[in-house]
Every structure is written in structure tokens, then in C-alpha cells.
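> Next comes the structure file data.cif, holding mmCIF, C-alpha atoms.
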data_my_file
#
loop_
_atom_site.label_atom_id
_atom_site.label_comp_id
_atom_site.auth_asym_id
_atom_site.auth_seq_id
_atom_site.Cartn_x
_atom_site.Cartn_y
_atom_site.Cartn_z
CA MET A 1 -28.01 -73.39 -118.30
CA ALA A 2 -25.93 -72.10 -115.39
CA LEU A 3 -22.78 -73.76 -116.69
CA PRO A 4 -21.42 -73.93 -120.23
CA SER A 5 -21.41 -77.14 -122.21
CA VAL A 6 -17.71 -77.70 -122.88
CA ARG A 7 -16.17 -80.60 -124.75
CA THR A 8 -12.53 -80.45 -123.70
CA LEU A 9 -10.46 -79.40 -120.72
CA GLU A 10 -9.04 -76.54 -122.78
CA ASP A 11 -12.56 -75.23 -123.39
CA CYS A 12 -12.99 -74.81 -119.62
CA ALA A 13 -10.55 -71.88 -119.74
CA ASP A 14 -11.94 -70.29 -122.92
CA TYR A 15 -13.29 -66.85 -121.94
CA TYR A 16 -15.66 -66.74 -124.92
CA GLN A 17 -17.25 -70.04 -123.92
CA VAL A 18 -17.32 -69.94 -120.13
CA VAL A 19 -17.58 -66.23 -119.25
CA GLU A 20 -18.90 -63.99 -122.01
CA PRO A 21 -22.21 -65.89 -122.66
CA TYR A 22 -23.19 -65.41 -119.00
CA LEU A 23 -22.53 -61.69 -118.63
CA PRO A 24 -26.19 -60.81 -119.42
CA GLN A 25 -27.12 -62.66 -116.21
CA LEU A 26 -25.23 -59.99 -114.29
CA TYR A 27 -27.53 -57.23 -115.57
CA GLU A 28 -30.63 -59.25 -114.69
CA LEU A 29 -29.43 -60.49 -111.30
CA PRO A 30 -30.39 -57.48 -109.10
CA TRP A 31 -34.00 -57.55 -110.30
CA LYS A 32 -34.24 -61.31 -109.87
CA VAL A 33 -32.91 -61.01 -106.31
CA VAL A 34 -35.57 -58.38 -105.54
CA ASP A 35 -38.27 -60.67 -106.91
CA ALA A 36 -37.03 -63.71 -104.98
CA VAL A 37 -36.02 -62.09 -101.69
CA SER A 38 -39.33 -62.85 -99.98
CA SER A 39 -38.97 -66.61 -100.47
CA ARG A 40 -36.10 -68.75 -99.23
CA GLU A 41 -36.87 -71.45 -101.78
CA ALA A 42 -36.89 -68.91 -104.60
CA LEU A 43 -33.54 -67.51 -103.48
CA VAL A 44 -31.99 -70.98 -103.38
CA GLU A 45 -33.30 -71.75 -106.88
CA LEU A 46 -32.01 -68.43 -108.17
CA TYR A 47 -28.62 -69.17 -106.62
CA LYS A 48 -28.51 -72.63 -108.18
CA ASN A 49 -29.60 -71.41 -111.61
CA THR A 50 -27.21 -68.46 -111.82
CA ASN A 51 -23.72 -68.97 -113.17
CA PRO A 52 -21.44 -69.02 -110.06
CA LEU A 53 -18.89 -66.69 -111.61
CA VAL A 54 -21.62 -64.13 -112.31
CA SER A 55 -23.18 -64.37 -108.84
CA GLY A 56 -19.75 -64.06 -107.20
CA PHE A 57 -18.89 -61.04 -109.33
CA GLY A 58 -22.24 -59.46 -108.52
CA PHE A 59 -21.62 -59.96 -104.81
CA SER A 60 -18.21 -58.24 -105.11
CA ILE A 61 -19.89 -55.18 -106.66
CA PHE A 62 -22.43 -55.16 -103.83
CA ILE A 63 -19.62 -55.32 -101.23
CA GLY A 64 -17.89 -52.43 -103.00
CA ALA A 65 -21.03 -50.31 -102.73
CA VAL A 66 -21.45 -51.12 -99.03
CA ALA A 67 -17.78 -50.31 -98.37
CA LEU A 68 -18.13 -46.98 -100.18
CA VAL A 69 -21.15 -45.92 -98.12
CA PHE A 70 -19.61 -46.91 -94.78
CA SER A 71 -16.23 -45.36 -95.60
CA GLU A 72 -17.81 -42.00 -96.45
CA ILE A 73 -20.12 -42.03 -93.42
CA ASN A 74 -17.34 -42.94 -90.98
CA ARG A 75 -14.50 -41.19 -92.82
CA ASN A 76 -12.59 -44.44 -92.41
CA TYR A 77 -11.26 -46.00 -95.60
CA SER A 78 -10.20 -49.42 -94.31
CA GLN A 79 -13.56 -51.10 -94.88
CA ILE A 80 -12.19 -53.44 -97.56
CA ASP A 81 -9.02 -53.93 -95.50
CA ARG A 82 -11.17 -55.52 -92.78
CA LEU A 83 -12.62 -57.96 -95.31
CA TRP A 84 -9.37 -58.71 -97.15
CA SER A 85 -8.60 -61.90 -95.24
CA LEU A 86 -12.16 -63.21 -95.57
CA LEU A 87 -13.54 -62.49 -99.03
CA PRO A 88 -11.32 -64.75 -101.20
CA THR A 89 -12.21 -67.71 -98.99
CA ILE A 90 -15.89 -66.74 -99.07
CA TYR A 91 -15.72 -66.86 -102.87
CA ASN A 92 -13.95 -70.22 -102.81
CA ALA A 93 -16.62 -71.47 -100.41
CA HIS A 94 -19.24 -70.08 -102.79
CA PHE A 95 -17.89 -72.13 -105.72
CA ALA A 96 -17.78 -75.26 -103.55
CA ALA A 97 -21.28 -74.70 -102.14
CA TRP A 98 -22.72 -74.05 -105.60
CA SER A 99 -21.16 -77.26 -106.87
CA HIS A 100 -22.55 -79.27 -103.95
CA LEU A 101 -26.05 -77.82 -104.33
CA ASN A 102 -26.10 -78.76 -108.01
CA GLY A 103 -24.82 -82.27 -107.38
CA LEU A 104 -21.54 -81.75 -109.24
CA PRO A 105 -18.15 -83.29 -108.43
CA SER A 106 -16.78 -81.16 -105.60
CA GLN A 107 -13.79 -82.92 -104.07
CA ARG A 108 -11.20 -80.70 -105.75
CA LEU A 109 -13.12 -77.57 -104.78
CA ASP A 110 -13.27 -78.78 -101.18
CA LEU A 111 -9.47 -79.16 -101.27
CA ILE A 112 -9.10 -75.57 -102.46
CA LEU A 113 -11.46 -74.43 -99.73
CA LEU A 114 -9.40 -76.29 -97.11
CA TRP A 115 -6.12 -74.41 -97.67
CA SER A 116 -8.03 -71.19 -98.33
CA ALA A 117 -9.71 -71.44 -94.92
CA VAL A 118 -6.30 -71.95 -93.28
CA TRP A 119 -5.01 -68.89 -95.16
CA SER A 120 -7.97 -66.82 -93.93
CA ALA A 121 -7.59 -67.96 -90.33
CA ARG A 122 -3.91 -66.99 -90.22
CA LEU A 123 -4.32 -63.61 -91.91
CA THR A 124 -7.45 -62.71 -89.90
CA PHE A 125 -5.66 -63.52 -86.64
CA ASN A 126 -2.64 -61.44 -87.62
CA TYR A 127 -4.83 -58.50 -88.64
CA TRP A 128 -6.81 -58.77 -85.38
CA ARG A 129 -3.78 -58.81 -83.08
CA LYS A 130 -2.44 -55.68 -84.82
CA GLY A 131 -5.68 -53.93 -83.90
CA GLY A 132 -7.18 -53.96 -87.39
CA TYR A 133 -10.68 -54.64 -86.09
CA SER A 134 -10.54 -52.00 -83.36
CA ILE A 135 -13.06 -49.18 -83.68
CA GLY A 136 -11.50 -46.34 -85.67
CA SER A 137 -8.54 -48.40 -86.87
CA GLU A 138 -7.36 -47.39 -90.35
CA ASP A 139 -4.40 -48.24 -92.58
CA TYR A 140 -1.86 -45.43 -92.08
CA ARG A 141 -1.26 -45.26 -95.85
CA TRP A 142 -4.78 -43.98 -96.51
CA GLU A 143 -4.16 -41.13 -94.08
CA ILE A 144 -0.91 -40.22 -95.84
CA ILE A 145 -2.57 -40.24 -99.28
CA ARG A 146 -5.56 -38.28 -97.96
CA ALA A 147 -3.23 -35.60 -96.59
CA LYS A 148 -1.56 -35.13 -99.99
CA VAL A 149 -4.60 -35.34 -102.28
CA PRO A 150 -7.44 -32.78 -102.60
CA ALA A 151 -10.72 -34.01 -101.07
CA PRO A 152 -12.68 -34.27 -104.38
CA LEU A 153 -9.87 -36.28 -105.97
CA PHE A 154 -9.63 -38.56 -102.95
CA PHE A 155 -13.38 -39.18 -103.15
CA ILE A 156 -12.96 -40.33 -106.75
CA PHE A 157 -10.04 -42.51 -105.60
CA ASN A 158 -12.31 -44.03 -102.95
CA VAL A 159 -15.16 -44.69 -105.39
CA THR A 160 -12.89 -46.33 -107.94
CA PHE A 161 -9.92 -48.01 -106.31
CA ILE A 162 -10.43 -48.28 -102.54
CA SER A 163 -14.01 -49.51 -102.56
CA PHE A 164 -14.84 -51.11 -105.90
CA ILE A 165 -11.57 -52.13 -107.56
CA GLN A 166 -10.20 -53.73 -104.39
CA SER A 167 -13.46 -55.58 -103.79
CA ILE A 168 -13.54 -56.90 -107.36
CA LEU A 169 -9.85 -57.84 -107.06
CA LEU A 170 -10.59 -60.08 -104.08
CA PHE A 171 -13.19 -61.87 -106.19
CA ALA A 172 -10.79 -62.12 -109.13
CA LEU A 173 -8.21 -63.83 -106.92
CA ALA A 174 -10.64 -66.73 -106.46
CA ALA A 175 -11.82 -66.78 -110.11
CA PRO A 176 -9.39 -69.62 -111.05
CA THR A 177 -11.50 -71.87 -108.81
CA TYR A 178 -14.32 -71.48 -111.35
CA ILE A 179 -12.09 -73.10 -113.99
CA VAL A 180 -11.26 -75.94 -111.58
CA LEU A 181 -15.02 -76.35 -111.04
CA LEU A 182 -15.53 -76.75 -114.79
CA THR A 183 -12.64 -79.17 -115.21
CA SER A 184 -13.97 -81.30 -112.33
CA ASN A 185 -16.62 -82.61 -114.71
CA PHE A 186 -13.77 -84.27 -116.63
CA GLU A 187 -11.48 -85.18 -113.72
CA GLN A 188 -13.74 -85.77 -110.74
CA GLU A 189 -11.27 -87.24 -108.26
CA ILE A 190 -8.45 -85.44 -106.47
CA THR A 191 -5.21 -86.06 -108.35
CA ALA A 192 -1.60 -86.16 -107.17
CA ALA A 193 -1.14 -82.76 -108.84
CA ASP A 194 -4.05 -81.33 -106.81
CA ILE A 195 -2.44 -82.57 -103.60
CA GLY A 196 0.86 -81.07 -104.72
CA PHE A 197 -0.70 -77.67 -105.36
CA ALA A 198 -2.51 -77.77 -102.02
CA ALA A 199 0.72 -78.70 -100.22
CA ILE A 200 2.52 -75.75 -101.83
CA GLN A 201 -0.27 -73.42 -100.76
CA LEU A 202 -0.18 -74.65 -97.18
CA GLY A 203 3.62 -74.35 -97.19
CA LEU A 204 3.35 -70.73 -98.31
CA VAL A 205 0.80 -70.04 -95.55
CA VAL A 206 3.22 -71.53 -93.01
CA SER A 207 6.01 -69.29 -94.34
CA GLU A 208 3.70 -66.28 -93.88
CA TRP A 209 3.09 -67.35 -90.29
CA PHE A 210 6.83 -67.52 -89.59
CA SER A 211 7.58 -64.15 -91.21
CA ASP A 212 4.69 -62.37 -89.48
CA GLN A 213 5.56 -63.94 -86.12
CA GLN A 214 9.20 -62.91 -86.50
CA GLN A 215 8.12 -59.34 -87.24
CA TRP A 216 5.66 -59.38 -84.34
CA ASP A 217 8.35 -60.59 -81.91
CA TYR A 218 10.75 -57.91 -83.12
CA HIS A 219 8.29 -55.03 -82.73
CA ALA A 220 7.18 -56.31 -79.31
CA ALA A 221 10.82 -56.29 -78.17
CA LYS A 222 11.44 -52.87 -79.75
CA HIS A 223 8.43 -51.27 -78.05
CA GLN A 224 9.49 -52.75 -74.70
CA TYR A 225 13.03 -51.46 -75.25
CA GLN A 226 11.74 -47.98 -76.09
CA LYS A 227 9.72 -47.93 -72.85
CA THR A 228 12.40 -49.25 -70.49
CA ALA A 229 15.67 -48.43 -72.33
CA LYS A 230 16.64 -52.05 -71.64
CA VAL A 231 16.86 -54.94 -74.08
CA PRO A 232 14.18 -57.49 -72.99
CA ARG A 233 15.66 -60.72 -71.69
CA GLY A 234 15.38 -63.69 -74.01
CA CYS A 235 14.03 -61.63 -76.90
CA GLY A 236 16.76 -62.82 -79.26
CA PHE A 237 17.73 -59.32 -80.37
CA THR A 238 20.71 -57.13 -79.55
CA GLN A 239 20.63 -53.44 -78.73
CA ASP A 240 21.93 -52.69 -82.23
CA ASP A 241 19.04 -54.69 -83.70
CA LEU A 242 16.47 -52.71 -81.73
CA ASP A 243 18.15 -49.35 -82.34
CA ARG A 244 18.03 -50.04 -86.09
CA GLY A 245 14.23 -49.83 -85.99
CA PHE A 246 13.38 -52.64 -88.41
CA ILE A 247 13.89 -56.41 -88.50
CA THR A 248 16.73 -57.93 -90.52
CA SER A 249 16.86 -61.46 -89.08
CA GLY A 250 15.10 -64.74 -89.86
CA LEU A 251 13.31 -64.71 -93.21
CA TRP A 252 13.74 -60.93 -93.25
CA ALA A 253 17.49 -61.36 -93.63
CA TYR A 254 16.92 -62.76 -97.12
CA CYS A 255 13.82 -60.84 -98.23
CA ARG A 256 12.61 -57.37 -97.26
CA HIS A 257 8.97 -58.49 -97.43
CA PRO A 258 8.75 -62.30 -97.13
CA ASN A 259 5.08 -62.12 -96.18
CA PHE A 260 4.26 -60.03 -99.27
CA ALA A 261 6.23 -62.43 -101.47
CA ALA A 262 4.32 -65.45 -100.14
CA GLU A 263 0.98 -63.67 -100.50
CA GLN A 264 1.53 -62.91 -104.17
CA THR A 265 2.77 -66.45 -104.81
CA ILE A 266 -0.29 -68.03 -103.17
CA TRP A 267 -2.73 -66.48 -105.61
CA PHE A 268 -0.41 -66.95 -108.57
CA MET A 269 -0.24 -70.65 -107.68
CA LEU A 270 -4.05 -70.89 -107.60
CA TYR A 271 -4.03 -69.42 -111.10
CA GLN A 272 -1.39 -71.97 -112.13
CA TRP A 273 -3.61 -74.67 -110.64
CA SER A 274 -6.38 -73.59 -113.03
CA CYS A 275 -3.93 -73.63 -115.95
CA TYR A 276 -2.78 -77.14 -115.09
CA SER A 277 -6.36 -78.37 -114.63
CA SER A 278 -7.45 -76.97 -117.99
CA LYS A 279 -4.21 -77.92 -119.76
CA THR A 280 -3.62 -74.32 -120.85
CA LEU A 281 -0.42 -72.31 -120.68
CA TYR A 282 -2.33 -69.19 -119.62
CA ASN A 283 -5.94 -68.02 -119.34
CA TRP A 284 -8.13 -65.06 -118.40
CA ALA A 285 -8.27 -66.03 -114.71
CA GLY A 286 -4.72 -64.77 -114.23
CA SER A 287 -5.90 -61.16 -114.25
CA GLY A 288 -6.53 -61.20 -110.49
CA SER A 289 -3.08 -62.44 -109.46
CA LEU A 290 -1.43 -60.15 -112.03
CA PHE A 291 -3.24 -57.10 -110.65
CA LEU A 292 -2.35 -58.16 -107.10
CA ILE A 293 1.34 -58.27 -108.04
CA MET A 294 1.04 -54.78 -109.53
CA LEU A 295 -0.76 -53.56 -106.41
CA PHE A 296 1.98 -54.89 -104.17
CA GLN A 297 4.60 -53.03 -106.21
CA GLY A 298 2.86 -49.72 -105.49
CA SER A 299 2.13 -50.57 -101.87
CA THR A 300 5.72 -51.69 -101.26
CA TRP A 301 7.08 -48.52 -102.86
CA LEU A 302 5.02 -46.34 -100.51
CA THR A 303 5.85 -48.44 -97.44
CA GLU A 304 9.58 -48.34 -98.19
CA LEU A 305 9.50 -44.63 -98.96
CA ILE A 306 8.26 -44.12 -95.40
CA SER A 307 10.74 -46.63 -93.90
CA SER A 308 13.77 -45.19 -95.68
CA GLY A 309 12.82 -41.75 -94.35
CA LYS A 310 12.55 -43.04 -90.76
CA TYR A 311 15.52 -45.41 -90.57
CA PRO A 312 18.99 -44.35 -91.85
CA GLU A 313 20.14 -47.96 -92.34
CA TYR A 314 17.15 -48.95 -94.47
CA LYS A 315 18.73 -47.80 -97.74
CA LEU A 316 21.67 -50.12 -97.15
CA TYR A 317 19.18 -52.92 -96.40
CA GLN A 318 17.49 -52.18 -99.74
CA LYS A 319 20.80 -52.48 -101.57
CA GLN A 320 21.65 -55.87 -100.07
CA VAL A 321 18.28 -57.62 -99.86
CA GLY A 322 15.57 -58.10 -102.49
CA ALA A 323 12.07 -56.73 -101.88
CA HIS A 324 10.09 -59.80 -102.94
CA MET A 325 12.65 -62.08 -104.58
CA PRO A 326 14.81 -63.69 -101.86
CA SER A 327 18.53 -62.94 -101.89
CA LEU A 328 21.06 -65.78 -101.80
CA THR A 329 23.03 -64.20 -98.96
CA PRO A 330 21.65 -62.70 -95.72
CA TYR A 331 21.78 -59.04 -94.78
CA ARG A 332 25.02 -57.91 -93.19
CA MET A 333 25.16 -54.96 -90.82
CA PRO A 334 27.51 -52.12 -91.72
CA LYS A 335 30.79 -52.31 -89.89
CA PRO A 336 31.49 -49.48 -87.42
CA LYS A 337 33.65 -46.81 -88.98
CA VAL A 338 37.07 -46.63 -87.33
CA ILE A 339 38.57 -43.13 -87.24
CA ARG A 340 42.33 -43.03 -86.78
CA THR A 341 43.95 -40.60 -84.35
CA SER A 342 45.80 -38.94 -87.23
CA GLU A 343 42.52 -38.29 -88.98
CA LEU A 344 41.08 -36.73 -85.81
CA ASP A 345 44.13 -34.46 -85.59
CA LYS A 346 43.63 -33.36 -89.19
CA GLN A 347 39.94 -32.62 -88.52
CA GLU A 348 40.84 -30.60 -85.42
CA LYS A 349 43.47 -28.55 -87.31
CA ALA A 350 40.95 -27.92 -90.11
CA LYS A 351 38.48 -26.54 -87.56
CA GLN A 352 41.12 -24.21 -86.05
CA LYS A 353 41.87 -22.74 -89.48
#
I'd like the structure from this file rewritten - as C-alpha cells, please.

Amino acid sequence: MALPSVRTLEDCADYYQVVEPYLPQLYELPWKVVDAVSSREALVELYKNTNPLVSGFGFSIFIGAVALVFSEINRNYSQIDRLWSLLPTIYNAHFAAWSHLNGLPSQRLDLILLWSAVWSARLTFNYWRKGGYSIGSEDYRWEIIRAKVPAPLFFIFNVTFISFIQSILLFALAAPTYIVLLTSNFEQEITAADIGFAAIQLGLVVSEWFSDQQQWDYHAAKHQYQKTAKVPRGCGFTQDDLDRGFITSGLWAYCRHPNFAAEQTIWFMLYQWSCYSSKTLYNWAGSGSLFLIMLFQGSTWLTELISSGKYPEYKLYQKQVGAHMPSLTPYRMPKPKVIRTSELDKQEKAKQK
């Protein structure tokens, strides 16, 4: 059987019932694909008869291998970065398609796919307009790490983290949908809770759009200002804002990385959705969102290390505003230091001595 025979909602989140028995399929899958590749009907039957969690995991390993080969050939290590906005939704679509093909209740999976597709569209657009899909484009952080790490060690880093671990992580983010798939056999219709979770997800995507657009508008104004030495009309920023070098208005006045905060929350909420559906306090599917949170801590640390070195005011911004947890009060610019005439006289006399 491609799916486990579970008796309760709680069983749907039991790793030893719904995951472990199907791991042997993963070892057999490559050879079965080779045998079935010449026949479309055979491939469809193999797809239908393979546990969807196993086939999704197998695909993530395949993507990792492809990314490794292309990254080493092109010496460009943003292969997974280009797929980041697409793969989680592809996996959610995979769970929904598998359910449809096997004639299982799929309404709740279609709802997950709906907000996931909106998430992908927004993030893909934002990555595209920043030039992420341009030939030769690469995340600047890989270049920094590559410059500080010996080549053999960086190759190991590429094999493990950049190519395979990141690819598997993107699959793990969608793994809670597998639990929702299993629970759909008990609760087939979309519930008020499902609508609530979907609304939260869409709200978080909207918040990401606002934060990214605010940052985009700021950098567009800053680049224009740097070219012309004039503050662009109607940009909404002052000369002090643009001289600072980084945005501190809008959502960024309350959180140093509002887009990062929303991104982590989106996948944590999908995990919570699986917990609610299976009536469990926690389950194995939280590993993806937990690892993503850990990844963002390291990524944020490196990003802010660079920013604090470039912008003198950034350290003050760090003291006032939370990185991912919003602050209750907005960022306040430092007041200009007033030097009294008497103090200037003292400084001048000290120089003469």
C-alpha cells in the first residue's frame, strides 16, 4: 500500500506508522524509475503506487545532485537559490496531484496549494526583479564565504549544505502537507480552521509584499540619489534617510527583517496546521520549519555583520529594533550632537597645548 492504514487522527502524525515503513521504497525507487521510464503508463502507475512522501523526498535528492553538478561546472552556487521560490509549491502540488490521481479527498490539499502558489508567485517575482535569474547572478554571501574558505573545504560545503541540505530542506517545508493528506481521510471537507490557517498564510504573504516593496522603493530612491546627488521627487524619503544607507521606515521601523520574519512564520504555520489536523501538540514534520528558523539565524548574522560594517548607524538600529520579533516602538534617528561654543574653545586650547 502507498499509504498507511491509520485508525485515528493522532496516528496520521506518528512517524513510526506513516514514515518509517515506507523508507525501503526510497532505496528501490531509482531502479523502478529506470524500468518504467520507457512507458508513460508505467510511470503513472509507479507514481500512484509510491508513497508520496518518499517520491517527494527522492525528487529533492535528485534536485540536489543536479544543483551540485551545475554549480561546479558553472562555478555559480546559487542553483538552489533560483529554485527556492518554486520547490515548496511544487511539493505541495505533488501531494495534491497524488491525492487526485488516487481518488482521495483533496479539497484541503487544494487549499494549501492555493496560498502556496500565491507565495511562489510573489517570491519569484521579487527574485526576478532583483536580477536573480540573470545569467551569472549569484548570492553575494556565497562569494564572501568562498573568499574566506579553502577550495577543498568549500567543495565539501557545496556537496553537503548548499546543494543537498538546502534542497531537502525545501521538501521538508512542505512535509506537513503529507499529514494533512492523511487526515483528509477522516475530515474530508474544508473546515473553518482550514480557512483560518489559509487566511493567516495569505496575510503573511501580503506582509512580505509590503516589506519587500518598501525596501525596493527605498533602494530605487537611494540609487537615483547616488547618481544625481538629488533626492528624487515624491520618493517619500529625506536626504538623511538616503544618506543612512538602509531603510528604517514602514514595517522596517518595527522589525529589522520583516520579510524574514514572515517567511519563517509561514512555514511554521503550515506545520501548526498539520498539528491541528492530526490533533497533536507536535510531530516530526516540524523539522523543516525548525531548520529554516536556524538557517535564518545564521543568514541574518552574516547579513548584519556586513551591514554594520558598511553603515555607521546600523548598530544603533540593532539596539532599538528586533531582528525578527517586532518591536513595540518604531526606530528613532539619533539626534544631532550639539557642541557648545565653550566646548569648542576648550578643544582648540587643548590642540594648542
> Starting from the displayed file, determine the output of the PyMOL selection byres ((chain A and resi 275) around 12) and express the residue list as a PyMOL selection string.
chain A and resi 9-14+175-180+183+193-194+197+268-274+276-286
> Please evaluate the PyMOL selection byres ((chain A and resi 210) around 12) against the structure above and give the resulting residues as number ranges by chain.
A: 122, 126, 203-209, 211-217, 249-252, 258-259, 262
> Evaluated on this file, the PyMOL selection byres ((chain A and resi 311-324) around 10) picks out some residues - which ones are they, written as a PyMOL selection string?
chain A and resi 243-246+248+252-262+264+296-297+300-301+304-310+325-334
> Go ahead and dump the residues you just picked, C-alpha atoms, as an mmCIF file, keeping the file's coordinate frame.

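Final output, saved to part_22.cif:
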data_model
loop_
_atom_site.group_PDB
_atom_site.id
_atom_site.type_symbol
_atom_site.label_atom_id
_atom_site.label_comp_id
_atom_site.auth_asym_id
_atom_site.auth_seq_id
_atom_site.Cartn_x
_atom_site.Cartn_y
_atom_site.Cartn_z
ATOM 1 C CA ASP A 243 18.150 -49.350 -82.340
ATOM 2 C CA ARG A 244 18.030 -50.040 -86.090
ATOM 3 C CA GLY A 245 14.230 -49.830 -85.990
ATOM 4 C CA PHE A 246 13.380 -52.640 -88.410
ATOM 5 C CA THR A 248 16.730 -57.930 -90.520
ATOM 6 C CA TRP A 252 13.740 -60.930 -93.250
ATOM 7 C CA ALA A 253 17.490 -61.360 -93.630
ATOM 8 C CA TYR A 254 16.920 -62.760 -97.120
ATOM 9 C CA CYS A 255 13.820 -60.840 -98.230
ATOM 10 C CA ARG A 256 12.610 -57.370 -97.260
ATOM 11 C CA HIS A 257 8.970 -58.490 -97.430
ATOM 12 C CA PRO A 258 8.750 -62.300 -97.130
ATOM 13 C CA ASN A 259 5.080 -62.120 -96.180
ATOM 14 C CA PHE A 260 4.260 -60.030 -99.270
ATOM 15 C CA ALA A 261 6.230 -62.430 -101.470
ATOM 16 C CA ALA A 262 4.320 -65.450 -100.140
ATOM 17 C CA GLN A 264 1.530 -62.910 -104.170
ATOM 18 C CA PHE A 296 1.980 -54.890 -104.170
ATOM 19 C CA GLN A 297 4.600 -53.030 -106.210
ATOM 20 C CA THR A 300 5.720 -51.690 -101.260
ATOM 21 C CA TRP A 301 7.080 -48.520 -102.860
ATOM 22 C CA GLU A 304 9.580 -48.340 -98.190
ATOM 23 C CA LEU A 305 9.500 -44.630 -98.960
ATOM 24 C CA ILE A 306 8.260 -44.120 -95.400
ATOM 25 C CA SER A 307 10.740 -46.630 -93.900
ATOM 26 C CA SER A 308 13.770 -45.190 -95.680
ATOM 27 C CA GLY A 309 12.820 -41.750 -94.350
ATOM 28 C CA LYS A 310 12.550 -43.040 -90.760
ATOM 29 C CA MET A 325 12.650 -62.080 -104.580
ATOM 30 C CA PRO A 326 14.810 -63.690 -101.860
ATOM 31 C CA SER A 327 18.530 -62.940 -101.890
ATOM 32 C CA LEU A 328 21.060 -65.780 -101.800
ATOM 33 C CA THR A 329 23.030 -64.200 -98.960
ATOM 34 C CA PRO A 330 21.650 -62.700 -95.720
ATOM 35 C CA TYR A 331 21.780 -59.040 -94.780
ATOM 36 C CA ARG A 332 25.020 -57.910 -93.190
ATOM 37 C CA MET A 333 25.160 -54.960 -90.820
ATOM 38 C CA PRO A 334 27.510 -52.120 -91.720
#
> Counting all atoms listed in the file, what is within 9 Å of Ser163 in chain A, bar same-chain residues fewer than 6 positions away, as a VMD selection string?
chain A and resid 63 to 68 71 77 79 to 80 157
> Can you pull out every residue within 9 Å of Asp139 in chain A, counting all atoms listed in the file, but drop anything in the same chain fewer than 3 positions away, and send it as a ChimeraX atom specification?
/A:77-78,81,132,142-143
> As a PyMOL selection string, please: the residues near Asn92 in chain A (cut-off 10 Å, all atoms listed in the file, same-chain neighbours under 6 positions excluded).
chain A and resi 56+98+109-110+112-114+116-117+171+173-178
> Which residue gives the smallest distance to Leu23 in chain A among A:Leu302, A:Cys235, A:Ala2, A:Leu290, with only C-alpha atoms counted?
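Nearest to Leu23 in chain A: A:Ala2.
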> Rounded to one decimal, what separation in Å do you get between CA of Leu242 in chain A and CA of His223 in chain A?
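Pair CA of Leu242 in chain A / CA of His223 in chain A returns 9.0 Å.
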> Using all atoms of range 303-320 of chain A that appear in the file, construct an axis-aligned enclosing box with 6 Å of padding on every side and provide its centre coordinates and edge lengths in Å, rounded to one decimal, as lines of an AutoDock Vina configuration file.

center_x = 13.8
center_y = -48.8
center_z = -96.1
size_x = 27.8
size_y = 26.1
size_z = 23.0
> So what do you get for CA of Ser120 in chain A versus CA of Val37 in chain A, distance-wise?
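Separation between CA of Ser120 in chain A and CA of Val37 in chain A: 29.5 Å.
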> Record the distance separating CA of Gly234 in chain A and CA of Ile247 in chain A, expressed in Å with one decimal.
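A separation of 16.3 Å between them.
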> Identify which of the residues A:Ser137, A:Asn185, A:Tyr218, A:Pro21 lies closest to Thr8 in chain A, counting all atoms listed in the file when measuring atom-to-atom distances.
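The answer is A:Asn185, which sits nearest to Thr8 in chain A.
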> Between A:Ile90, A:Gly288, A:Tyr140, A:His100, which has the minimum distance to Ile165 in chain A (counting all atoms listed in the file)?
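For Ile165 in chain A, the nearest of the given residues is A:Gly288.
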> Please write as number ranges by chain the list of polymer residues whose atoms come within 9 Å of (-24.9, -57.6, -112.9), counting all atoms listed in the file and keeping to the coordinates of the file.
A: 23-30, 54-55, 57-58, 61
> List the neighbours of Ile190 in chain A out to 8 Å using all atoms listed in the file; skip same-chain residues closer than 4 positions along the sequence, and give me the result as number ranges by chain.
A: 107-108, 194-195
> Near Leu87 in chain A, within 8 Å and counting all atoms listed in the file, which residues show up once chain neighbours fewer than 4 positions away are dropped, as a PyMOL selection string?
chain A and resi 83+91+170-171
> Add whatever atoms are absent from range 74-86 of chain A to reach N, CA and C atoms, and provide the output as a short mmCIF file (atom, residue, chain, number, x, y, z; two decimals), in the coordinates of the input.

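Printed below is out.cif as written:
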data_model
loop_
_atom_site.label_atom_id
_atom_site.label_comp_id
_atom_site.auth_asym_id
_atom_site.auth_seq_id
_atom_site.Cartn_x
_atom_site.Cartn_y
_atom_site.Cartn_z
N ASN A 74 -18.25 -42.90 -92.12
CA ASN A 74 -17.34 -42.94 -90.98
C ASN A 74 -16.01 -42.23 -91.22
N ARG A 75 -15.78 -41.79 -92.46
CA ARG A 75 -14.50 -41.19 -92.82
C ARG A 75 -13.35 -42.13 -92.47
N ASN A 76 -13.59 -43.40 -92.66
CA ASN A 76 -12.59 -44.44 -92.41
C ASN A 76 -12.54 -45.30 -93.66
N TYR A 77 -11.36 -45.40 -94.26
CA TYR A 77 -11.26 -46.00 -95.60
C TYR A 77 -10.64 -47.40 -95.59
N SER A 78 -10.71 -48.05 -94.43
CA SER A 78 -10.20 -49.42 -94.31
C SER A 78 -11.32 -50.45 -94.27
N GLN A 79 -12.44 -50.15 -94.88
CA GLN A 79 -13.56 -51.10 -94.88
C GLN A 79 -13.19 -52.38 -95.63
N ILE A 80 -12.60 -52.25 -96.81
CA ILE A 80 -12.19 -53.44 -97.56
C ILE A 80 -11.01 -54.12 -96.87
N ASP A 81 -10.15 -53.34 -96.23
CA ASP A 81 -9.02 -53.93 -95.50
C ASP A 81 -9.52 -54.94 -94.47
N ARG A 82 -10.64 -54.63 -93.81
CA ARG A 82 -11.17 -55.52 -92.78
C ARG A 82 -11.73 -56.81 -93.37
N LEU A 83 -12.06 -56.78 -94.66
CA LEU A 83 -12.62 -57.96 -95.31
C LEU A 83 -11.59 -58.71 -96.15
N TRP A 84 -10.39 -58.16 -96.24
CA TRP A 84 -9.37 -58.71 -97.15
C TRP A 84 -9.08 -60.18 -96.87
N SER A 85 -8.97 -60.53 -95.61
CA SER A 85 -8.60 -61.90 -95.24
C SER A 85 -9.76 -62.87 -95.34
N LEU A 86 -10.96 -62.36 -95.58
CA LEU A 86 -12.16 -63.21 -95.57
C LEU A 86 -12.75 -63.45 -96.95
#
